[in-house]
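Comments concern the structure below.
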Amino acid sequence: MERVHDMGGQDRFSGPLPPIDRDEPAFHEPWEGKAFALALLANRVAGANLHAFRHAIERVPEPDYLSGYYERWLASAEILLLDSGIVAPGAVEARARKLRGEDVEEPGAPEPHKPEMPSGGPGNLRQVDASPSFAVGDRVTTRTEIDTPTDHTRLPGYARGRTGTVTAVRPAMVWPDTASHFLGENPQHVYDVAFSSEELWGAGAEPATVTIDLYENYLEKTS
Amino acid sequence: MTDVADTVEPAIDPALRAEALESLLLERGLVDTKTIEGFIHTYETAVGPMNGAKVVAKAWTDPEYRQRLLTDGTAAIAELGFKGPQGEHMVVVENTPSVHHVVVCTLCSCYPWPVLGLPPSWYKDPAYRARVVKEPRAVLAEWGTELGPDVDVQVHDSSSEVRYLVLPERPPGTEGMTEEELVGLVTRDTMVGVRKVQAP
């Protein structure tokens, strides 16, 4: 399924680029700063993690996803707070209407049910006992269907079933596919894999190399 | 899981929505105003492309630092005091007359916060995310950067927790400039690799 967030190579977004404003501020309006801070804090309050946050952004309906970056951050914050029972369904709307002067009844605070997942420490870098399965110079092929119970993955759609060359072995990291759903960190090695543009886009592609950092579970040794 | 179709109410603008969410969390003591303002202030004033510009200017003027930066980006960047979220493992890639690196995150908008701050609009734009992995030369040309046919173009899609900083080429004509003066030439677009640094 082609989903809005997995944008690499999607022709429907191949319009003109926006201008670059070298002096663009971090936040264009005060609410964007507030949305940014609230999203980081909501993630914490909801007992979530970076991967669950990204997954929540991916669950934002397409029109809202495309409405703007901090719009989707705000929507993601609400999703995580709803999921964990911190905020009741409809509570944000009700409070917003109340703030603008409408007479509305607000739902009470629900019973929180935060996710519980053992953490191997702060951040996402981890030590793993297993040796890396691949080395620099190895030819590897990305899987087409990921052996994962979830719908969050960091293998871009445009790079599935493609063959490339390992150019670096990165530190082991928490696996987003399961951590996003609180199913465990499953830390594993990560490899920088270089793909030719022809491998990704076919003959006649603009000459270039695309390198992608890929988790071990996404890769198989090319036979 | 929550049915997301019920969570977004278009009749409420995002500013009011943010205020409502803040109000709900504040009254239950789950967040506090000082922390919220602290996050905003940090990313408006202390964490931004001026940090990356210092890293680049130092690398241009101190060959040993440049070598450390290319060998272990995370440690060399931390020497200047820059570390934190979205900078856990930094890799620095160097642009030269024969190799040109450019960075994107096609799946969201991953960006090296400690050195570049929060991502600008153009980096988050669907057109950039969709196109640069497929037609990087055309993207760069549209923003005024023409690369010769013999240049090796390397696009980095930030799909894991590795974050990239591009070390741009020092422009000719800047040989007499000090490190402090060079800092002022380095803009965030050049550290993502979509443009080259211009001499003053």
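Each chain in the structure tokens gets a letter, A, B, ..., in the order shown, and its residues are numbered from 1; ligands are numbered from 1 in order too.
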Can you check which parts of chain B lie within 6 Å of chain A? Per residue, the shortest pair of atoms and distance in Å to one decimal, counting only C-alpha atoms, sorted by chain and number, as a tab-separated table.
residue	atom	partner	partner_atom	distance
B:Met1	CA	A:Asp83	CA	5.9
B:Thr2	CA	A:Asp83	CA	5.7
B:Ala15	CA	A:Trp31	CA	5.0
B:Ala18	CA	A:Ala35	CA	5.8
B:Ala20	CA	A:Ala96	CA	4.9
B:Leu21	CA	A:Val92	CA	5.7
B:Ile36	CA	A:Ala37	CA	5.4
B:Phe39	CA	A:Ala37	CA	5.8
B:Ile40	CA	A:Gly33	CA	5.4
B:Glu44	CA	A:Ala26	CA	5.8
B:Thr106	CA	A:Gly8	CA	5.0
B:Leu107	CA	A:Asp6	CA	4.9
B:Trp122	CA	A:Pro18	CA	5.8
B:Pro126	CA	A:Phe13	CA	5.8
B:Ala127	CA	A:Phe13	CA	5.1
B:Arg129	CA	A:Gly8	CA	5.8
B:Ala130	CA	A:Gly8	CA	4.1
B:Arg131	CA	A:Gly9	CA	5.8
B:Lys134	CA	A:Gly9	CA	5.8
B:Glu135	CA	A:Glu206	CA	5.9
B:Val153	CA	A:Ala208	CA	4.9
B:Gln154	CA	A:Thr209	CA	4.9
B:Val155	CA	A:Val210	CA	4.6
B:His156	CA	A:Thr211	CA	4.9
B:Asp157	CA	A:Ile212	CA	5.1
B:Ser159	CA	A:Asp213	CA	5.7
B:Ser160	CA	A:Asp213	CA	5.5
Practice prompt. Select from stretch 136-189 of chain A everything DSSP, run on the backbone, classes as strand (DSSP E), then give the selection as number ranges by chain.
Written response: A: 139-142, 163-173, 188-189
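Across the structure, atom CA of B:Val151 and atom CA of B:Val99 are spaced 5.6 Å apart.
Closest approach to A:Thr163 from the set A:Asn43, A:Ser131, A:Asn217, A:Thr142 is made by A:Thr142, with distances taken over only C-alpha atoms.
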Give me the stretch 102-158 of chain B side of the contact with stretch 64-79 of chain B, cut-off 12 Å, one line per residue showing its nearest atom pair and distance in Å at one decimal, counting only C-alpha atoms, sorted by chain and residue number, as a Markdown table.
| residue | atom | partner | partner_atom | distance |
| --- | --- | --- | --- | --- |
| B:Pro112 | CA | B:Thr74 | CA | 10.8 |
| B:Pro114 | CA | B:Ile77 | CA | 8.9 |
| B:Val115 | CA | B:Ile77 | CA | 8.1 |
| B:Leu116 | CA | B:Ile77 | CA | 11.8 |
Selection file, C-alpha atoms, as a PDB file, in the first residue's frame:
ATOM      1  CA  PRO B 112      20.496  16.709  12.604  1.00  0.00           C
ATOM      2  CA  PRO B 114      22.185  19.689  17.340  1.00  0.00           C
ATOM      3  CA  VAL B 115      24.016  21.200  14.364  1.00  0.00           C
ATOM      4  CA  LEU B 116      21.218  22.499  12.135  1.00  0.00           C
TER       5      LEU B 116
END
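Our summary of the geometry notes that atom CA of B:Leu16 is positioned 29.9 Å from atom CA of B:Pro49.
The space between atom CA of A:Arg126 and atom CA of B:Val102 spans 27.4 Å.
Around B:Gly148, within 12 Å and counting only C-alpha atoms, the residues found are Pro207 of chain A; Pro97, Ser98, Val99, His100, Arg137, Ala138, Leu140, Ala141, Thr145, Glu146, Asp150, Val151, Asp152 and Val153 of chain B, once anything fewer than 2 positions away on its own chain is removed.
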Save out the residues we just selected, N, CA and C atoms, as a short mmCIF file (atom, residue, chain, number, x, y, z; two decimals), in the first residue's frame.
data_model
loop_
_atom_site.label_atom_id
_atom_site.label_comp_id
_atom_site.auth_asym_id
_atom_site.auth_seq_id
_atom_site.Cartn_x
_atom_site.Cartn_y
_atom_site.Cartn_z
N PRO A 207 22.06 9.69 -13.47
CA PRO A 207 23.14 9.00 -12.76
C PRO A 207 23.36 9.54 -11.35
N PRO B 97 35.21 18.84 -5.43
CA PRO B 97 34.88 19.10 -6.85
C PRO B 97 34.38 17.84 -7.59
N SER B 98 34.70 16.65 -7.08
CA SER B 98 34.30 15.44 -7.80
C SER B 98 33.16 14.65 -7.15
N VAL B 99 32.85 14.92 -5.88
CA VAL B 99 31.75 14.21 -5.19
C VAL B 99 30.81 15.24 -4.55
N HIS B 100 29.52 15.07 -4.78
CA HIS B 100 28.56 15.98 -4.16
C HIS B 100 27.52 15.18 -3.37
N ARG B 137 20.07 15.83 -9.51
CA ARG B 137 20.67 16.91 -10.30
C ARG B 137 19.61 17.93 -10.71
N ALA B 138 18.44 17.44 -11.08
CA ALA B 138 17.38 18.35 -11.47
C ALA B 138 16.93 19.21 -10.28
N LEU B 140 18.76 20.02 -7.61
CA LEU B 140 19.80 21.02 -7.30
C LEU B 140 19.81 22.14 -8.34
N ALA B 141 19.62 21.76 -9.61
CA ALA B 141 19.61 22.79 -10.66
C ALA B 141 18.45 23.76 -10.46
N THR B 145 21.98 25.19 -8.41
CA THR B 145 23.26 24.50 -8.30
C THR B 145 23.42 23.52 -9.45
N GLU B 146 24.25 23.89 -10.41
CA GLU B 146 24.49 23.02 -11.57
C GLU B 146 25.72 22.16 -11.30
N ASP B 150 30.49 14.87 -14.75
CA ASP B 150 31.48 13.95 -14.16
C ASP B 150 31.41 13.93 -12.64
N VAL B 151 30.54 14.74 -12.03
CA VAL B 151 30.45 14.76 -10.57
C VAL B 151 29.66 13.53 -10.09
N ASP B 152 30.21 12.88 -9.08
CA ASP B 152 29.56 11.71 -8.47
C ASP B 152 28.53 12.22 -7.45
N VAL B 153 27.25 12.05 -7.75
CA VAL B 153 26.20 12.56 -6.87
C VAL B 153 25.77 11.46 -5.89
#
Worksheet entry | Residue among A:Ala52, A:Ala179, A:Ala159, A:Ala130 lying closest to A:Met117, counting only C-alpha atoms | A:Ala179
Item to complete: Could you please write out, as a PyMOL selection string, every residue of stretch 96-213 of chain A that DSSP assigns to alpha helix (DSSP H)?
Response: chain A and resi 96-99+176-179+197-201
Response to the item:
Between A:Pro118, A:Glu102, A:His55, A:Glu111, smallest distance to A:Trp73 by only C-alpha atoms belongs to A:His55
